[in-house]
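Undergrad: Take a look at target-v8.txt, compact mmCIF, C-alpha atoms:
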```txt
# COMPACT_ATOMS: atom_id res chain seq x y z
CA MET V 1 -29.51 -14.96 -13.27
CA SER V 2 -31.37 -14.53 -10.00
CA ARG V 3 -33.59 -11.52 -9.37
CA SER V 4 -31.55 -10.49 -6.33
CA PHE V 5 -31.13 -6.99 -7.77
CA SER V 6 -34.79 -6.49 -8.59
CA GLY V 7 -35.77 -2.89 -7.90
CA LYS V 8 -32.28 -1.97 -6.66
CA VAL V 9 -30.50 1.20 -7.76
CA VAL V 10 -26.96 0.46 -8.93
CA ILE V 11 -24.32 2.97 -10.09
CA VAL V 12 -21.73 1.60 -12.54
CA THR V 13 -18.78 3.74 -13.64
CA GLY V 14 -16.92 2.95 -16.84
CA ALA V 15 -20.26 1.69 -18.10
CA SER V 16 -19.89 2.30 -21.83
CA LYS V 17 -17.74 -0.73 -22.72
CA GLY V 18 -15.77 -3.69 -21.41
CA ILE V 19 -16.49 -4.99 -17.92
CA GLY V 20 -18.76 -2.05 -17.14
CA ALA V 21 -21.05 -2.64 -20.11
CA ARG V 22 -21.33 -6.35 -19.23
CA LEU V 23 -22.18 -5.46 -15.65
CA VAL V 24 -24.91 -3.11 -16.84
CA ARG V 25 -26.51 -5.92 -18.85
CA LYS V 26 -26.42 -8.28 -15.89
CA PHE V 27 -27.89 -5.77 -13.46
CA GLN V 28 -30.63 -5.05 -15.97
CA ALA V 29 -31.32 -8.78 -16.31
CA GLY V 30 -31.61 -8.93 -12.52
CA GLY V 31 -34.24 -6.20 -12.49
CA ALA V 32 -32.08 -3.33 -11.27
CA HIS V 33 -32.35 0.36 -12.13
CA VAL V 34 -28.89 1.22 -13.44
CA VAL V 35 -27.11 4.56 -13.32
CA LEU V 36 -24.54 4.45 -16.11
CA SER V 37 -21.52 6.74 -16.04
CA ALA V 38 -18.72 7.16 -18.60
CA ARG V 39 -17.54 9.75 -21.10
CA ASP V 40 -19.15 8.11 -24.14
CA GLU V 41 -22.78 9.19 -23.86
CA GLU V 42 -23.83 7.62 -27.17
CA ALA V 43 -22.44 4.20 -26.21
CA MET V 44 -24.22 4.31 -22.86
CA HIS V 45 -27.56 5.22 -24.42
CA ALA V 46 -27.12 2.23 -26.73
CA ILE V 47 -27.14 -0.18 -23.78
CA ALA V 48 -29.32 1.70 -21.29
CA ALA V 49 -32.75 0.22 -20.64
CA PRO V 50 -35.93 2.28 -20.29
CA GLY V 51 -35.87 3.72 -16.81
CA ASP V 52 -32.06 3.67 -16.50
CA LEU V 53 -30.17 6.92 -15.93
CA VAL V 54 -27.22 7.99 -18.10
CA VAL V 55 -24.77 10.52 -16.60
CA ALA V 56 -22.00 11.33 -19.06
CA GLY V 57 -18.82 13.08 -17.98
CA ASP V 58 -15.16 12.87 -17.06
CA LEU V 59 -14.68 11.09 -13.73
CA ALA V 60 -11.46 13.02 -13.21
CA LEU V 61 -13.65 16.01 -12.37
CA ASP V 62 -15.22 16.49 -8.94
CA ALA V 63 -18.32 17.97 -10.57
CA THR V 64 -18.98 14.81 -12.58
CA ARG V 65 -18.83 12.61 -9.48
CA GLU V 66 -21.15 14.92 -7.59
CA ARG V 67 -23.57 14.97 -10.51
CA ILE V 68 -23.71 11.17 -10.65
CA VAL V 69 -24.82 10.82 -7.03
CA GLU V 70 -27.08 13.87 -7.07
CA GLN V 71 -28.92 12.74 -10.20
CA ALA V 72 -29.19 9.14 -8.98
CA VAL V 73 -30.82 10.26 -5.73
CA ALA V 74 -33.02 12.82 -7.49
CA ARG V 75 -34.32 10.16 -9.90
CA PHE V 76 -34.60 7.13 -7.62
CA GLY V 77 -34.44 8.41 -4.04
CA CYS V 78 -31.83 5.85 -2.96
CA ILE V 79 -28.60 4.06 -3.85
CA ASP V 80 -28.25 0.31 -3.24
CA ALA V 81 -24.87 -0.32 -4.86
CA LEU V 82 -21.90 1.60 -6.21
CA VAL V 83 -19.52 -0.23 -8.54
CA ASN V 84 -16.33 1.77 -9.07
CA ASN V 85 -15.24 0.11 -12.28
CA ALA V 86 -13.78 2.95 -14.38
CA GLY V 87 -10.02 3.07 -14.79
CA ARG V 88 -7.19 3.91 -17.15
CA GLY V 89 -3.62 2.71 -17.66
CA ALA V 90 -0.21 4.06 -18.69
CA TYR V 91 2.76 2.19 -20.14
CA PHE V 92 5.47 4.53 -18.85
CA THR V 93 8.34 3.11 -16.78
CA ALA V 94 8.56 3.94 -13.09
CA THR V 95 11.33 6.53 -13.62
CA GLN V 96 9.94 8.07 -16.82
CA SER V 97 6.28 8.54 -16.00
CA PRO V 98 5.24 12.18 -16.60
CA LEU V 99 3.87 13.72 -13.42
CA ASP V 100 0.85 15.18 -15.18
CA ASP V 101 -0.14 11.79 -16.57
CA SER V 102 0.50 10.04 -13.25
CA ARG V 103 -1.72 12.53 -11.44
CA ALA V 104 -4.43 12.16 -14.07
CA LEU V 105 -4.31 8.39 -13.75
CA PHE V 106 -4.63 8.53 -9.95
CA GLU V 107 -7.52 10.97 -10.32
CA VAL V 108 -9.56 8.33 -12.18
CA ASN V 109 -8.25 5.13 -10.59
CA PHE V 110 -8.10 6.26 -6.96
CA PHE V 111 -9.60 9.67 -6.21
CA ALA V 112 -12.78 9.07 -8.20
CA PRO V 113 -13.63 5.88 -6.24
CA LEU V 114 -12.65 7.60 -2.99
CA HIS V 115 -14.87 10.61 -3.71
CA LEU V 116 -17.82 8.63 -5.06
CA ALA V 117 -17.78 6.30 -2.07
CA GLY V 118 -17.87 9.26 0.29
CA LEU V 119 -20.77 10.83 -1.60
CA ALA V 120 -22.73 7.57 -1.77
CA ALA V 121 -21.94 6.33 1.76
CA PRO V 122 -24.99 7.89 3.51
CA TRP V 123 -27.30 6.25 0.97
CA LEU V 124 -25.49 2.91 1.11
CA LYS V 125 -25.81 2.95 4.91
CA ASP V 126 -29.55 3.53 4.61
CA SER V 127 -29.98 0.65 2.15
CA LYS V 128 -27.31 -1.60 3.73
CA GLY V 129 -26.07 -1.88 0.20
CA SER V 130 -22.82 -2.74 -1.54
CA LEU V 131 -19.66 -0.81 -2.38
CA VAL V 132 -17.53 -2.54 -5.01
CA ASN V 133 -14.09 -1.32 -6.05
CA VAL V 134 -12.58 -2.92 -9.13
CA SER V 135 -8.84 -3.00 -8.53
CA SER V 136 -6.60 -5.37 -10.52
CA ILE V 137 -4.17 -8.22 -10.07
CA ALA V 138 -1.72 -5.33 -10.54
CA GLY V 139 -2.97 -4.14 -7.16
CA GLN V 140 -1.52 -7.31 -5.63
CA ILE V 141 1.54 -7.89 -7.84
CA SER V 142 3.41 -4.81 -9.06
CA LEU V 143 3.79 -4.84 -12.86
CA PRO V 144 6.91 -3.00 -14.11
CA TRP V 145 5.31 -2.15 -17.46
CA LEU V 146 2.34 -0.55 -15.61
CA PRO V 147 4.01 0.89 -12.51
CA VAL V 148 1.79 3.91 -11.80
CA TYR V 149 -1.31 1.90 -12.68
CA SER V 150 -0.15 -0.77 -10.22
CA ALA V 151 0.45 1.88 -7.56
CA SER V 152 -3.06 3.28 -8.03
CA LYS V 153 -4.60 -0.19 -7.77
CA PHE V 154 -2.57 -1.03 -4.65
CA ALA V 155 -3.86 2.22 -3.16
CA LEU V 156 -7.43 1.33 -4.11
CA ALA V 157 -7.03 -2.10 -2.50
CA ALA V 158 -5.81 -0.52 0.75
CA LEU V 159 -8.67 1.98 0.67
CA THR V 160 -11.21 -0.80 0.13
CA SER V 161 -9.92 -2.68 3.17
CA ALA V 162 -10.31 0.44 5.32
CA GLN V 163 -13.78 1.12 3.92
CA SER V 164 -14.80 -2.42 4.78
CA MET V 165 -13.70 -1.99 8.38
CA GLU V 166 -15.48 1.37 8.66
CA LEU V 167 -18.76 0.48 6.96
CA ARG V 168 -19.26 -3.05 8.28
CA ARG V 169 -20.90 -1.65 11.43
CA ASN V 170 -23.52 -0.01 9.20
CA GLY V 171 -24.32 -3.22 7.36
CA VAL V 172 -22.67 -2.10 4.11
CA HIS V 173 -21.06 -4.83 2.04
CA VAL V 174 -17.64 -3.75 0.71
CA MET V 175 -15.88 -5.86 -1.92
CA ALA V 176 -12.53 -5.59 -3.70
CA VAL V 177 -12.20 -7.12 -7.16
CA PHE V 178 -8.84 -8.19 -8.59
CA PRO V 179 -9.16 -9.16 -12.26
CA GLY V 180 -6.21 -10.60 -14.12
CA TYR V 181 -5.62 -10.02 -17.81
CA VAL V 182 -9.04 -9.11 -19.24
CA ASP V 183 -9.76 -9.00 -22.98
CA THR V 184 -10.82 -5.33 -23.30
CA GLU V 185 -9.57 -2.21 -25.12
CA PHE V 186 -7.35 -1.33 -22.14
CA GLN V 187 -4.08 -1.50 -24.13
CA ALA V 188 -5.42 0.64 -26.96
CA HIS V 189 -6.46 3.44 -24.60
CA ALA V 190 -3.46 3.38 -22.23
CA ALA V 191 -0.98 6.25 -22.43
CA GLY V 192 2.73 5.79 -23.02
CA SER V 193 4.64 3.38 -25.22
CA SER V 194 3.45 -0.04 -26.29
CA PRO V 195 3.53 -2.84 -23.69
CA PRO V 196 6.25 -5.52 -23.95
CA ASP V 197 5.74 -8.15 -26.66
CA ASN V 198 5.22 -10.94 -24.14
CA VAL V 199 2.42 -8.93 -22.54
CA VAL V 200 0.73 -8.37 -25.90
CA LYS V 201 1.04 -12.07 -26.75
CA GLY V 202 -0.39 -12.99 -23.36
CA LYS V 203 -3.74 -11.50 -24.36
CA LYS V 204 -4.68 -14.85 -25.88
CA PHE V 205 -4.88 -16.17 -22.30
CA ALA V 206 -7.04 -13.29 -21.08
CA VAL V 207 -10.44 -13.81 -19.52
CA SER V 208 -13.39 -12.13 -21.17
CA ALA V 209 -15.15 -9.07 -19.80
CA GLU V 210 -18.22 -11.27 -19.54
CA GLU V 211 -16.44 -13.77 -17.26
CA CYS V 212 -15.22 -10.92 -15.09
CA ALA V 213 -18.71 -9.44 -14.82
CA VAL V 214 -20.15 -12.83 -13.84
CA ALA V 215 -17.56 -13.15 -11.06
CA ILE V 216 -18.38 -9.67 -9.75
CA ILE V 217 -22.13 -10.30 -9.73
CA ARG V 218 -21.64 -13.64 -7.97
CA GLY V 219 -19.41 -11.96 -5.37
CA MET V 220 -22.03 -9.30 -4.72
CA GLU V 221 -24.80 -11.87 -4.35
CA ARG V 222 -22.66 -13.81 -1.86
CA ARG V 223 -21.43 -10.59 -0.19
CA GLN V 224 -17.80 -11.67 -0.54
CA ARG V 225 -14.95 -9.44 0.64
CA MET V 226 -12.64 -10.27 -2.28
CA VAL V 227 -12.99 -11.58 -5.81
CA VAL V 228 -9.98 -12.72 -7.84
CA THR V 229 -10.74 -13.63 -11.43
CA PRO V 230 -9.69 -15.92 -12.97
CA LYS V 231 -9.10 -18.09 -9.92
CA ILE V 232 -5.56 -18.91 -11.14
CA GLY V 233 -4.77 -15.43 -9.84
CA TRP V 234 -4.94 -16.66 -6.23
CA PRO V 235 -1.83 -18.88 -6.38
CA LEU V 236 0.02 -16.13 -8.26
CA VAL V 237 -0.73 -13.66 -5.50
CA ILE V 238 0.29 -16.11 -2.77
CA PHE V 239 3.48 -17.09 -4.64
CA SER V 240 4.47 -13.44 -5.08
CA ARG V 241 4.11 -12.86 -1.34
CA LEU V 242 6.14 -15.93 -0.41
CA PHE V 243 8.84 -15.48 -3.06
CA PRO V 244 8.83 -11.81 -4.07
CA GLY V 245 12.41 -11.79 -5.33
CA PHE V 246 11.81 -14.66 -7.73
CA VAL V 247 8.60 -13.14 -9.08
CA GLU V 248 10.26 -9.75 -9.58
CA SER V 249 13.18 -11.35 -11.43
CA ARG V 250 10.78 -13.06 -13.84
CA MET V 251 8.96 -9.81 -14.62
CA GLU V 252 11.89 -7.44 -15.04
CA LEU V 253 11.76 -5.24 -18.13
CA ARG V 254 14.38 -6.33 -20.67
```
If you took the structure in this file and wrote it as structure tokens, what would it be?
TA:
Amino acid sequence: MSRSFSGKVVIVTGASKGIGARLVRKFQAGGAHVVLSARDEEAMHAIAAPGDLVVAGDLALDATRERIVEQAVARFGCIDALVNNAGRGAYFTATQSPLDDSRALFEVNFFAPLHLAGLAAPWLKDSKGSLVNVSSIAGQISLPWLPVYSASKFALAALTSAQSMELRRNGVHVMAVFPGYVDTEFQAHAAGSSPPDNVVKGKKFAVSAEECAVAIIRGMERRQRMVVTPKIGWPLVIFSRLFPGFVESRMELR
């Protein structure tokens, strides 16, 4: 890996496992100072390098988000990149999703990235850094077994587009990431009933968290606006826009 992140200060949410943990390793390999945030403090300390900063807490809380940025600036004096990677899912149907759970999901998947970006924006403007929001292919193609999750990721995609238009004048690179099926513990931690059998079986075709992290790092180095990983996701997105009725009929819950 190149040393393009050498000396940079990078915040990664959802840093204790999965894509977030792989990103931490890659930023460390590139010479960055990493601010790790997640609920599992022990897991983060296990991967943090000397000089990194661990900020444990629940991203659903305003105070946790404020603490992340405040402690990052207090320790390092700047922020060069914010990677909003944390997220959670829920396997409730669109008409049976409990309101409390739906609100909690949006708090992590949408309001946390919105709030963190606002808190970090002055520092990202100073450094002409990068803001990265990890959405999902479900933020481009609505998944009926993850309807509220899809809605939150569509919202995050729309927000990212607006942030890009706002922050471009300040030299800030804004990037949306749309991973497909990634081999993580997402299913085990999602609320609600089990996903459909065909979704569970499809995990054998999932990309690894490592592959996803590599794509994100490459996109940041190239200052891309969008990353879709794996690349097979691109034709799926285009096909769904051209033939939405057909795609919806193939994904109906049965």
Undergrad: Neighbourhood query: residues within 9 Å of (-28.0, 8.3, -8.3), file coordinates, counting only C-alpha atoms; return as a ChimeraX atom specification.
TA: /V:9-11,34-35,53,67-79,120
Undergrad: Using Å and a single decimal, report how far CA of Phe178 (chain V) sits from CA of Val228 (chain V).
TA: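 About the pair CA of Val228 (chain V) and CA of Phe178 (chain V): they are 4.7 Å apart.
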Undergrad: Given all atoms listed in the file as the basis, pick out the residue of V:Val227, V:Glu211, V:Ala90, V:Ala121 nearest to Ala157 (chain V).
TA: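 Smallest separation from Ala157 (chain V) among the options: V:Val227.
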Undergrad: Which residue, V:Ala158, V:Leu236, V:Ile141, V:Ala38, has the smallest gap to Asp58 (chain V) when you use all atoms listed in the file?
TA: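 With all atoms listed in the file as the atom set, the closest residue is V:Ala38.
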Undergrad: Using all atoms listed in the file, can you tell me which of V:Ala63, V:Cys212, V:Val108, V:Ala46 comes closest to Gly180 (chain V)?
TA: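 Among the listed residues, the smallest separation from Gly180 (chain V) belongs to V:Cys212.
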Undergrad: Which centre and which edge lengths, in Å to one decimal, describe the axis-aligned box that holds all listed atoms of region 69-87 of chain V after 6 Å is added on each side, as AutoDock Vina command-line options?
TA:
```
--center_x -22.3 --center_y 6.8 --center_z -8.9 --size_x 36.6 --size_y 26.2 --size_z 23.8
```
Undergrad: Need to verify the contact set: region 24-31 of chain V, 12 Å, only C-alpha atoms, exclusion of same-chain residues closer than 6 positions in sequence. Can you return it as a PDB file with C-alpha atoms, in the frame of the given file?
TA:
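selection.pdb, freshly written:
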```
ATOM      1  CA  MET V   1     -29.510 -14.960 -13.270  1.00  0.00           C
ATOM      2  CA  SER V   2     -31.370 -14.530 -10.000  1.00  0.00           C
ATOM      3  CA  ARG V   3     -33.590 -11.520  -9.370  1.00  0.00           C
ATOM      4  CA  SER V   4     -31.550 -10.490  -6.330  1.00  0.00           C
ATOM      5  CA  PHE V   5     -31.130  -6.990  -7.770  1.00  0.00           C
ATOM      6  CA  SER V   6     -34.790  -6.490  -8.590  1.00  0.00           C
ATOM      7  CA  GLY V   7     -35.770  -2.890  -7.900  1.00  0.00           C
ATOM      8  CA  LYS V   8     -32.280  -1.970  -6.660  1.00  0.00           C
ATOM      9  CA  VAL V   9     -30.500   1.200  -7.760  1.00  0.00           C
ATOM     10  CA  VAL V  10     -26.960   0.460  -8.930  1.00  0.00           C
ATOM     11  CA  ILE V  11     -24.320   2.970 -10.090  1.00  0.00           C
ATOM     12  CA  VAL V  12     -21.730   1.600 -12.540  1.00  0.00           C
ATOM     13  CA  THR V  13     -18.780   3.740 -13.640  1.00  0.00           C
ATOM     14  CA  GLY V  14     -16.920   2.950 -16.840  1.00  0.00           C
ATOM     15  CA  ALA V  15     -20.260   1.690 -18.100  1.00  0.00           C
ATOM     16  CA  SER V  16     -19.890   2.300 -21.830  1.00  0.00           C
ATOM     17  CA  LYS V  17     -17.740  -0.730 -22.720  1.00  0.00           C
ATOM     18  CA  GLY V  18     -15.770  -3.690 -21.410  1.00  0.00           C
ATOM     19  CA  SER V  37     -21.520   6.740 -16.040  1.00  0.00           C
ATOM     20  CA  MET V  44     -24.220   4.310 -22.860  1.00  0.00           C
ATOM     21  CA  HIS V  45     -27.560   5.220 -24.420  1.00  0.00           C
ATOM     22  CA  ALA V  46     -27.120   2.230 -26.730  1.00  0.00           C
ATOM     23  CA  ILE V  47     -27.140  -0.180 -23.780  1.00  0.00           C
ATOM     24  CA  ALA V  48     -29.320   1.700 -21.290  1.00  0.00           C
ATOM     25  CA  ALA V  49     -32.750   0.220 -20.640  1.00  0.00           C
ATOM     26  CA  PRO V  50     -35.930   2.280 -20.290  1.00  0.00           C
ATOM     27  CA  GLY V  51     -35.870   3.720 -16.810  1.00  0.00           C
ATOM     28  CA  ASP V  52     -32.060   3.670 -16.500  1.00  0.00           C
ATOM     29  CA  LEU V  53     -30.170   6.920 -15.930  1.00  0.00           C
ATOM     30  CA  VAL V  54     -27.220   7.990 -18.100  1.00  0.00           C
ATOM     31  CA  ASP V  80     -28.250   0.310  -3.240  1.00  0.00           C
ATOM     32  CA  ALA V  81     -24.870  -0.320  -4.860  1.00  0.00           C
ATOM     33  CA  LEU V  82     -21.900   1.600  -6.210  1.00  0.00           C
ATOM     34  CA  VAL V  83     -19.520  -0.230  -8.540  1.00  0.00           C
ATOM     35  CA  ASN V  85     -15.240   0.110 -12.280  1.00  0.00           C
ATOM     36  CA  ALA V 209     -15.150  -9.070 -19.800  1.00  0.00           C
ATOM     37  CA  GLU V 210     -18.220 -11.270 -19.540  1.00  0.00           C
ATOM     38  CA  GLU V 211     -16.440 -13.770 -17.260  1.00  0.00           C
ATOM     39  CA  CYS V 212     -15.220 -10.920 -15.090  1.00  0.00           C
ATOM     40  CA  ALA V 213     -18.710  -9.440 -14.820  1.00  0.00           C
ATOM     41  CA  VAL V 214     -20.150 -12.830 -13.840  1.00  0.00           C
ATOM     42  CA  ALA V 215     -17.560 -13.150 -11.060  1.00  0.00           C
ATOM     43  CA  ILE V 216     -18.380  -9.670  -9.750  1.00  0.00           C
ATOM     44  CA  ILE V 217     -22.130 -10.300  -9.730  1.00  0.00           C
ATOM     45  CA  ARG V 218     -21.640 -13.640  -7.970  1.00  0.00           C
ATOM     46  CA  MET V 220     -22.030  -9.300  -4.720  1.00  0.00           C
ATOM     47  CA  GLU V 221     -24.800 -11.870  -4.350  1.00  0.00           C
TER      48      GLU V 221
END
```
Undergrad: Name all residues at most 12 Å from region 102-105 of chain V (count all atoms listed in the file; drop same-chain ones fewer than 2 positions away) and give them as a ChimeraX atom specification.
TA: /V:58-61,86-100,107-112,146-153,190-192
Undergrad: Produce a file of the selected residues containing C-alpha atoms, as a compact mmCIF listing (two decimals), in the frame of the given file.
TA:
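Saved result, part04.txt, follows:
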```
# COMPACT_ATOMS: atom_id res chain seq x y z
CA ASP V 58 -15.16 12.87 -17.06
CA LEU V 59 -14.68 11.09 -13.73
CA ALA V 60 -11.46 13.02 -13.21
CA LEU V 61 -13.65 16.01 -12.37
CA ALA V 86 -13.78 2.95 -14.38
CA GLY V 87 -10.02 3.07 -14.79
CA ARG V 88 -7.19 3.91 -17.15
CA GLY V 89 -3.62 2.71 -17.66
CA ALA V 90 -0.21 4.06 -18.69
CA TYR V 91 2.76 2.19 -20.14
CA PHE V 92 5.47 4.53 -18.85
CA THR V 93 8.34 3.11 -16.78
CA ALA V 94 8.56 3.94 -13.09
CA THR V 95 11.33 6.53 -13.62
CA GLN V 96 9.94 8.07 -16.82
CA SER V 97 6.28 8.54 -16.00
CA PRO V 98 5.24 12.18 -16.60
CA LEU V 99 3.87 13.72 -13.42
CA ASP V 100 0.85 15.18 -15.18
CA GLU V 107 -7.52 10.97 -10.32
CA VAL V 108 -9.56 8.33 -12.18
CA ASN V 109 -8.25 5.13 -10.59
CA PHE V 110 -8.10 6.26 -6.96
CA PHE V 111 -9.60 9.67 -6.21
CA ALA V 112 -12.78 9.07 -8.20
CA LEU V 146 2.34 -0.55 -15.61
CA PRO V 147 4.01 0.89 -12.51
CA VAL V 148 1.79 3.91 -11.80
CA TYR V 149 -1.31 1.90 -12.68
CA SER V 150 -0.15 -0.77 -10.22
CA ALA V 151 0.45 1.88 -7.56
CA SER V 152 -3.06 3.28 -8.03
CA LYS V 153 -4.60 -0.19 -7.77
CA ALA V 190 -3.46 3.38 -22.23
CA ALA V 191 -0.98 6.25 -22.43
CA GLY V 192 2.73 5.79 -23.02
```
Undergrad: Check the smallest atom-to-atom distance from each of V:Arg65, V:Arg22, V:Arg225, V:Arg168 to Ala117 (chain V) using only C-alpha atoms, then report the winner.
TA: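 Of the candidates, the smallest distance to Ala117 (chain V) is held by V:Arg65.
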Undergrad: Choose the residue, out of V:Ala32, V:Ser208, V:Glu41, V:Leu124, that has the smallest atom-to-atom separation from Leu167 (chain V); count only C-alpha atoms.
TA: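 Counting only C-alpha atoms, the residue closest to Leu167 (chain V) is V:Leu124.
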Undergrad: Name the closest residue to Leu119 (chain V) among the candidates V:Thr64, V:Gln224, V:Ser135, V:Thr229; distances are taken between atoms, counting all atoms listed in the file.
TA: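 Smallest distance to Leu119 (chain V) is found for V:Thr64.
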Undergrad: What separation in Å, quoted to one decimal, exists between CA of Ala43 (chain V) and CA of Leu116 (chain V)?
TA: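 CA of Leu116 (chain V) lies at a distance of 22.1 Å from CA of Ala43 (chain V).
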Undergrad: So the first atom is CA of Asp40 (chain V) and the second is CA of Leu156 (chain V); what is the distance between them in Å, to one decimal place?
TA: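 Separating CA of Asp40 (chain V) from CA of Leu156 (chain V) is a distance of 24.2 Å.
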